[in-house]
Each structure stands twice: as structure tokens, then as C-alpha cells.
Amino acid sequence: MHRRGFLAAGLATVLVSQRATAQMKMDDMPGMDMGGHDMGAAPQGAAVLPEGEALRDLSRLANEADTPGLFKAKLTAGSTTARFAEGLDTPILAYNGTSPGPLIEAVEGDRVEITFANRIADEASTIHWHGMPVPADQDGNPMDPVATGTDRTYSFDLPEGSAGSYWYHPHPHGKTAEQVYRGLAGAFVVKPKADPIPAAYGDTVLVFTDLRLAADGTLPDNTMTDLMNGRVGDHVLVNGQKNPILTVPFGTKRRFRFYNATNARFLRLSFDGAPMTIIGTDGGLLEAPVAADEILLSPAERFELIVSFEKPGTATLSTLDYDRGWMGAGRPADAGLTLFTVDVSETPAEPVPPLPDRLRPMVQFGAPAVSRRFVFTETMTMNATGMEMGFLINGAAFDMKRVDIVAKAGQVELWEIVNKADMDHPFHVHGTQFQVVEHERGDEISKPAYRAWKDTVNVARGETVRLLLRQDRPGPRMYHCHILEHEQLGMMGIVDVQA
Ligand SMILES: [Cu+2]
């Protein structure tokens with residue numbers, strides 16, 4: 001295991017126990033590669049999950065309000081059991097008893113009031129509304145924990161123009177990674193009042209999660225390897241199912257929203273046998289559709305796509321290899337997994353309207369008033385009791401009591417994210433959407449292929465990403481790596497936005 005920059009001084013790091021160190025050694029043994037695998041290649045002792053069942057619709061969070069323009073509901077987080085593999089009960093965490101949590105669908109202009117009931121035994125939690133323009137004190141920051149056994153109501157308005165593919169997940173201090181891999185995450189779709197995408201294309205949300213199942217059906221705790229690299233499981237699930245099947249008539253154009261709700265798995269995806277067109281990203285539609293042979297969906301990112309099923313037969317969504325940097329042995333075999341299968345029948349589809357050439361206008365930011373630089377580094381030290389890892393931004397690990405930067409509401413800022421570490425780090429900012437303006441790798445500077453609203457962008461190892469953003473509301477906002485184990489180990493900061 002080679003590392004650059006062994007810095008030891010003054011890091012708020014995790015001290016790994018003997019047990020975790022031993023676990024890491026076991027993971028590192030040849031032949032113990034527990035990485036991703038497809039049918040027939042299950043490692044010894046691992047649970048086998050059924051494949052090829054019909055894709056289930058996500059359950060929906062029902063609106064309890066009678067008043068137009070109000071979305072009112074309750075989300076209860078607590079323990080339940082799931083049946084992923086035949087004969088095995090798996091204790092998980094769930095929102096309203098399901099994982100992924102129920103799909104929330106509201107409309108631009110709506111008022112949202114969601115009461116969160118934390119029934120997770122002995123643990124505080126929060127609900128973070130990932131990517132959504134909600135007030136800072138309603139955004140489930142780690143500074144605002146909801147104690148076990150208590151309720152709180154999150155209230156916010158969905159402004160005009162905010163339609164997009166958001167999600168929700170816990171964000172309690174030190175426990176986010178675990179609560180998410182145990183099952184807490186769900187999609188929150190904000191629909192526009194007038195949708196340029198033909199209704200005949202449908203709107204299918206696919207939430208990708210990552211499951212590691214022990215032979216007894218339990219979800220193992222994070223190991224040292226997980227803490228270093230982020231937890232990568234043995235099975236990528238789509239809406240909680242392994243390689244589910246959707247049957248469509250040929251000629252179907254289908255709108256999908258892809259969500260990477262895994263802790264740390266990078267999904268480089270292509271649809272074999274069906275052309276993909278990107279129509280939207282994290283924060284909603286693009287200006288115009290963009291044809292794509294493949295997409296890289298890093299942890300926490302979303303894409304909206306139109307997939308055309310033009311000929312009868314089978315179209316499969318599968319993974320391609322992507323090297324995002326891996327510490328130690330046991331890099332998961334990411335390529336060649338079939339995540340989702342579409343059976344395209346001989347029956348022709350009813351004719352559907354074409355995709356419009358223009359989707360919506362997108363404002364461009366003016367010149368930034370402020371420029372900031374965020375440098376990501378990883379550190380590791382060995383001592384008699386184990387190994388200490390640090391994931392730092394500008395040399396510092398997260399401190400909930402420290403404000404890292406002060407910004408002014410309404411002011412455009414240029415943020416330069418510099419990854420000097422050995423792994424890719426998907427960078428996320430709360431409370432707003434940004435536009436990436438530049439990538440720099442080695443001596444090469446490039447512009448993004450299209451303008452897009454994003455709240456999460458992958459910053460590859462050695463890369464610098466420049467983005468423009470503006471926070472419109474005052475209050476503290478988090479920014480962090482969305483490999484949740486890295487966030488837990490310190491790769492997070494607070495920007496205090498002042499009115
Ligand atoms: Cu990271």
C-alpha cells in the first residue's frame with residue numbers, strides 16, 4: 001500500500017481497533033476479493049440474491065394535506081427486517097418500513113411540511129434534503145440532531161424553477177455512513193408546473209444502493225478497508241432488487257432518473273442495446289438533450305435520461321471499469337455487472353411525441369466576487385495500536401464547532417476544488433446548485449461538455465474542478481466528500497452564509 005504524504009500532526013482521525021486492523025488483513029488476503037461479482041461468481045459463503053424479478057415501483061409518500069400547494073407527511077426512521085436472500089432475514093434501517101425510502105413527489109411552488117420521527121434505537125439522526133434549496137435550519141445539518149424517540153417537522157417552500165431529482169438521507173454527526181448503508185435513503189422528485197418532456201415517456205426513478213450481506217443475513221460493520229476506501233458492497237441493487245426486469249413494447253422512449261445512493265460505489269454505466277440521451281442532472285433539466293454512450297454516476301450524483309428501446313430483444317444496463325483509486329488490495333471488480341434488464345417485446349409501442357430540441361433556459365452566473373480554494377488530502381499513520389486515517393480539506397478535519405469560511409448571501413463565488421489525494425472524491429455542497437466551469441488534469445484544462453445544475457461533482461485524483469455557486473439564504477452549510485466514510489473521517493467543512 002503506497003501513500004503520498006504521511007502527515008501525522010494534529011489530525012482529528014479515527015483510531016482503528018485491533019479487530020478492524022485484523023479484518024483489514026483478512027480482506028487483503030489473496031483469494032478473498034469480496035468485490036463486485038455477477039451471477040455465478042459469488043464468493044464462498046456469500047448470500048445469493050434472486051435476480052430477474054419484475055421491477056417494483058417504489059412506494060410513494062402519500063400527501064396527507066387537503067390544501068392545494070401543501071405537501072404534508074410523516075417519515076419514521078427505525079429498524080425493520082428485509083428479505084434480500086432466500087431464507088435470510090436482514091435487520092436494516094428504513095423510512096416508513098421501506099428501503100429505499102418512499103419516493104416523495106412534490107411540485108414547484110409547493111410548501112413542504114414533513115415530520116420526522118426518529119425511532120432508531122439509541123442514535124440521533126436528521127434528514128438532509130440533498131440538493132434542495134431549503135433554509136439552513138431545515139436542512140438536517142449535524143448541528144441540529146433529532147434525538148432518538150423524538151420528532152421534528154421540517155418545513156420549506158419549493159421555489160419556481162427548482163424542479164429536479166433530489167434525495168433525502170440522514171446526516172447525524174459521525175453516523176451518516178452507517179445509517180445510509182443500513183438502509184436510510186430515498187428519492188425526492190420536484191416536478192415542474194409545465195414539463196417539456198412528453199408525459200408518454202413516463203418517469204421511472206431508479207435508486208442504486210450497495211448491499212453487503214453476511215452469510216447469516218446481517219449487514220457487517222465497516223472494516224478498515226471500508227473506512228479507507230468507502231464501503232463498497234457485494235451487490236448493487238436497483239430500488240432494492242438485484243438486476244430487476246422491466247418489460248416494454250419496442251419503440252418505447254422511457255424517462256429514467258438514476259440515483260447513486262451508495263456510500264462509495266462509482267457507477268460507470270452504459271445501456272447495451274438502447275441509446276441514452278441525457279436530459280438532466282442533479283438540479284434538473286439541461287438546456288438541450290445530449291446523446292451519451294455512457295455516464296459516470298459517482299456517489300450522490302443523479303442523471304435524468306431518455307432511453308429509446310428501438311428493437312425487440314434485451315437491453316441491459318451494465319457497469320464498465322472505472323479506476324477511482326483504491327487503497328490496499330481487494331479493489332472491487334466494478335466492470336461487467338448487469339444492474340438492470342429491459343425486455344423489449346415484439347409488440348410495437350403507441351407512437352409518442354419527439355423529445356424537444358430545447359428543454360429550458362439556464363441562467364449563467366456573472367463574474368465571481370470571491371474565489372476560494374479547497375485542497376483535499378489523505379493522511380495515514382501507523383502506530384502500536386493500529387492505523388489512523390485522516391481525510392482533510394485545507395489540512396483540517398471537520399470540527400462541528402468551527403466555521404471554515406464565511407460567505408455572503410446572494411454573492412457569486414468561484415470554488416476551486418483541488419484533489420491532491422490518491423482517490424477520487426465526489427464533492428457536495430448543501431443548500432444550492434452550482435455550475436462546473438472547468439476541469440484541470442495535468443496540463444490539460446477542459447470545459448464541461450454541457451452546462452448543468454449540480455450539487456455533487458466528482459473530483460478525480462490529481463484533478464482540479466472549478467465551479468461557480470451562490471448561496472441565497474443565510475446560515476451554516478456543509479460541504480464535503482460524498483464517500484460517506486470520508487465525510488465521517490473528516491473531509492467536511494462549514495460555510496457560514498451571512499445575510
Ligand atoms: Cu472522499
# chains A, B, ... in the order shown; residues from 1 in each chain; ligands from 1
>>> closest_atom_pairs(of="chain A", to="ligand 1", cutoff="6 Å", atoms="only C-alpha atoms and all ligand atoms", output="JSON lines")
{"residue": "A:His425", "atom": "CA", "partner": "ligand 1", "partner_atom_place_in_ligand_line": "1 (Cu)", "distance": 3.9}
{"residue": "A:Cys481", "atom": "CA", "partner": "ligand 1", "partner_atom_place_in_ligand_line": "1 (Cu)", "distance": 4.6}
{"residue": "A:Ile483", "atom": "CA", "partner": "ligand 1", "partner_atom_place_in_ligand_line": "1 (Cu)", "distance": 4.7}
{"residue": "A:His486", "atom": "CA", "partner": "ligand 1", "partner_atom_place_in_ligand_line": "1 (Cu)", "distance": 4.7}
>>> residues_around(residues="Phe303 (chain A)", least_positions_apart="2", cutoff="7 Å", atoms="only C-alpha atoms", output="list in words")
Arg257, Phe258, Tyr259, Gly280, Thr281, Asp282 and Leu305 of chain A
>>> closest_residue(among="A:Phe340, A:Phe250, A:Phe256, A:Tyr479", to="Gly313 (chain A)", atoms="only C-alpha atoms")
A:Phe250
>>> select_by_dssp(residues="region 94-268 of chain A", states="strand (DSSP E)", output="PyMOL selection string")
chain A and resi 94-95+104-107+111-119+128-130+151-157+164-169+186-191+204-211+235-238+245-250+252-260+267-268
>>> closest_residue(among="A:Gly395, A:Pro172, A:Pro348, A:Pro361", to="Trp453 (chain A)", atoms="only C-alpha atoms")
A:Pro361
>>> atom_distance(atom1="CA of Arg324 (chain A)", atom2="CA of Thr218 (chain A)")
27.9 Å
>>> atom_distance(atom1="CA of Ser162 (chain A)", atom2="CA of Gln138 (chain A)")
16.7 Å
>>> closest_residue(among="A:Phe208, A:Trp167, A:Phe309, A:Phe188", to="Val248 (chain A)", atoms="only C-alpha atoms")
A:Phe309
>>> select_by_dssp(residues="region 172-346 of chain A", states="helix (DSSP H, G or I)", output="list in words")
Thr176, Ala177, Glu178, Gln179, Val180, Tyr181, Ala199, Ala200, Tyr201, Met224, Thr225, Asp226, Leu227, Met228 and Asn229 of chain A
>>> residues_around(residues="Arg402 (chain A)", least_positions_apart="2", cutoff="9 Å", atoms="only C-alpha atoms", output="PDB file with C-alpha atoms, in the first residue's frame")
ATOM      1  CA  PHE A 398     -14.142  18.534  10.258  1.00  0.00           C
ATOM      2  CA  ASP A 399     -14.948  20.266  13.529  1.00  0.00           C
ATOM      3  CA  MET A 400     -18.613  20.941  14.169  1.00  0.00           C
ATOM      4  CA  ASP A 404     -14.313  27.248   7.988  1.00  0.00           C
ATOM      5  CA  GLY A 493     -16.346  21.821   6.354  1.00  0.00           C
ATOM      6  CA  ILE A 494     -18.849  24.556   7.204  1.00  0.00           C
TER       7      ILE A 494
END
>>> residues_around(residues="region 285-297 of chain A", least_positions_apart="6", cutoff="7 Å", atoms="only C-alpha atoms", output="ChimeraX atom specification")
/A:260,266-270,276-279,357-362,451-452
>>> write_last_selection(atoms="C-alpha atoms", output="PDB file, in the first residue's frame")
ATOM      1  CA  ASN A 260     -26.398   6.871  -6.883  1.00  0.00           C
ATOM      2  CA  PHE A 266     -18.682   4.680  -8.653  1.00  0.00           C
ATOM      3  CA  LEU A 267     -21.063   3.574 -11.386  1.00  0.00           C
ATOM      4  CA  ARG A 268     -19.831   3.937 -14.940  1.00  0.00           C
ATOM      5  CA  LEU A 269     -22.892   2.801 -16.823  1.00  0.00           C
ATOM      6  CA  SER A 270     -23.940   2.002 -20.333  1.00  0.00           C
ATOM      7  CA  MET A 276     -29.281   7.002 -23.969  1.00  0.00           C
ATOM      8  CA  THR A 277     -29.856  10.749 -24.034  1.00  0.00           C
ATOM      9  CA  ILE A 278     -29.006  12.884 -21.014  1.00  0.00           C
ATOM     10  CA  ILE A 279     -31.732  15.416 -20.298  1.00  0.00           C
ATOM     11  CA  ASP A 357     -34.692  20.220 -29.032  1.00  0.00           C
ATOM     12  CA  ARG A 358     -34.677  22.807 -26.248  1.00  0.00           C
ATOM     13  CA  LEU A 359     -35.574  21.835 -22.692  1.00  0.00           C
ATOM     14  CA  ARG A 360     -35.285  25.061 -20.733  1.00  0.00           C
ATOM     15  CA  PRO A 361     -33.188  28.210 -20.479  1.00  0.00           C
ATOM     16  CA  MET A 362     -30.435  28.177 -17.856  1.00  0.00           C
ATOM     17  CA  ARG A 451     -23.957  23.460 -18.802  1.00  0.00           C
ATOM     18  CA  ALA A 452     -25.662  21.717 -15.872  1.00  0.00           C
TER      19      ALA A 452
END
>>> closest_residue(among="A:Arg331, A:Lys242, A:Arg441, A:His130", to="Gly52 (chain A)", atoms="only C-alpha atoms")
A:Lys242
>>> residues_around(residues="Gln488 (chain A)", least_positions_apart="5", cutoff="8 Å", atoms="only C-alpha atoms", output="PyMOL selection string")
chain A and resi 173-177
>>> atom_distance(atom1="CA of Arg461 (chain A)", atom2="CA of Glu485 (chain A)")
17.0 Å
>>> residues_around(residues="Gly78 (chain A)", least_positions_apart="5", cutoff="6 Å", atoms="only C-alpha atoms", output="list in words")
Leu93, Ala94, Arg119 and Ile120 of chain A
>>> write_last_selection(atoms="N, CA and C atoms", output="JSON list (two decimals), in the first residue's frame")
[["chain", "number", "residue", "atom", "x", "y", "z"],
["A", 93, "LEU", "N", -32.23, -0.55, 8.59],
["A", 93, "LEU", "CA", -32.96, 0.67, 8.96],
["A", 93, "LEU", "C", -33.79, 1.07, 7.75],
["A", 94, "ALA", "N", -34.96, 1.67, 8.01],
["A", 94, "ALA", "CA", -35.84, 2.03, 6.90],
["A", 94, "ALA", "C", -36.65, 3.27, 7.25],
["A", 119, "ARG", "N", -37.03, 6.87, 15.31],
["A", 119, "ARG", "CA", -37.22, 5.69, 16.17],
["A", 119, "ARG", "C", -36.05, 4.72, 16.02],
["A", 120, "ILE", "N", -34.89, 5.27, 15.63],
["A", 120, "ILE", "CA", -33.67, 4.46, 15.58],
["A", 120, "ILE", "C", -33.17, 4.30, 17.02]]
>>> residues_around(residues="region 192-206 of chain A", least_positions_apart="5", cutoff="6 Å", atoms="only C-alpha atoms", output="list in words")
Val107, Glu108, Ala163, Val238, Asn239, Lys253, Arg254, Arg255, Phe256, Arg257 and Phe258 of chain A
>>> closest_residue(among="A:Val403, A:Met387, A:Val236, A:Val465", to="Ser318 (chain A)", atoms="only C-alpha atoms")
A:Val236
>>> closest_residue(among="A:Lys454, A:His169, A:His430, A:Arg182", to="Pro133 (chain A)", atoms="only C-alpha atoms")
A:His430
>>> closest_atom_pairs(of="region 409-470 of chain A", to="region 372-377 of chain A", cutoff="6 Å", atoms="only C-alpha atoms", output="CSV")
residue,atom,partner,partner_atom,distance
A:Trp415,CA,A:Arg372,CA,5.0
A:Glu416,CA,A:Arg373,CA,4.7
A:Ile417,CA,A:Phe374,CA,4.9
A:Val418,CA,A:Val375,CA,4.6
A:Asn419,CA,A:Phe376,CA,4.9
A:Lys420,CA,A:Thr377,CA,5.5
A:Ala421,CA,A:Thr377,CA,4.7
>>> write_last_selection(atoms="N, CA, C and O atoms", output="PDB file, in the first residue's frame")
ATOM      1  N   TRP A 415     -15.367  28.458  -6.693  1.00  0.00           N
ATOM      2  CA  TRP A 415     -14.731  27.463  -5.810  1.00  0.00           C
ATOM      3  C   TRP A 415     -13.852  26.570  -6.661  1.00  0.00           C
ATOM      4  O   TRP A 415     -14.294  26.029  -7.678  1.00  0.00           O
ATOM      5  N   GLU A 416     -12.619  26.443  -6.178  1.00  0.00           N
ATOM      6  CA  GLU A 416     -11.634  25.603  -6.855  1.00  0.00           C
ATOM      7  C   GLU A 416     -11.371  24.405  -5.949  1.00  0.00           C
ATOM      8  O   GLU A 416     -10.883  24.581  -4.830  1.00  0.00           O
ATOM      9  N   ILE A 417     -11.743  23.216  -6.402  1.00  0.00           N
ATOM     10  CA  ILE A 417     -11.581  22.008  -5.594  1.00  0.00           C
ATOM     11  C   ILE A 417     -10.377  21.253  -6.139  1.00  0.00           C
ATOM     12  O   ILE A 417     -10.393  20.778  -7.275  1.00  0.00           O
ATOM     13  N   VAL A 418      -9.355  21.162  -5.323  1.00  0.00           N
ATOM     14  CA  VAL A 418      -8.082  20.588  -5.758  1.00  0.00           C
ATOM     15  C   VAL A 418      -7.904  19.240  -5.067  1.00  0.00           C
ATOM     16  O   VAL A 418      -7.818  19.178  -3.840  1.00  0.00           O
ATOM     17  N   ASN A 419      -7.839  18.173  -5.850  1.00  0.00           N
ATOM     18  CA  ASN A 419      -7.700  16.850  -5.253  1.00  0.00           C
ATOM     19  C   ASN A 419      -6.240  16.413  -5.330  1.00  0.00           C
ATOM     20  O   ASN A 419      -5.762  15.984  -6.375  1.00  0.00           O
ATOM     21  N   LYS A 420      -5.540  16.533  -4.203  1.00  0.00           N
ATOM     22  CA  LYS A 420      -4.141  16.090  -4.149  1.00  0.00           C
ATOM     23  C   LYS A 420      -4.036  14.716  -3.491  1.00  0.00           C
ATOM     24  O   LYS A 420      -2.977  14.337  -3.006  1.00  0.00           O
ATOM     25  N   ALA A 421      -5.134  14.005  -3.444  1.00  0.00           N
ATOM     26  CA  ALA A 421      -5.161  12.707  -2.782  1.00  0.00           C
ATOM     27  C   ALA A 421      -5.056  11.592  -3.822  1.00  0.00           C
ATOM     28  O   ALA A 421      -4.978  11.851  -5.018  1.00  0.00           O
TER      29      ALA A 421
END
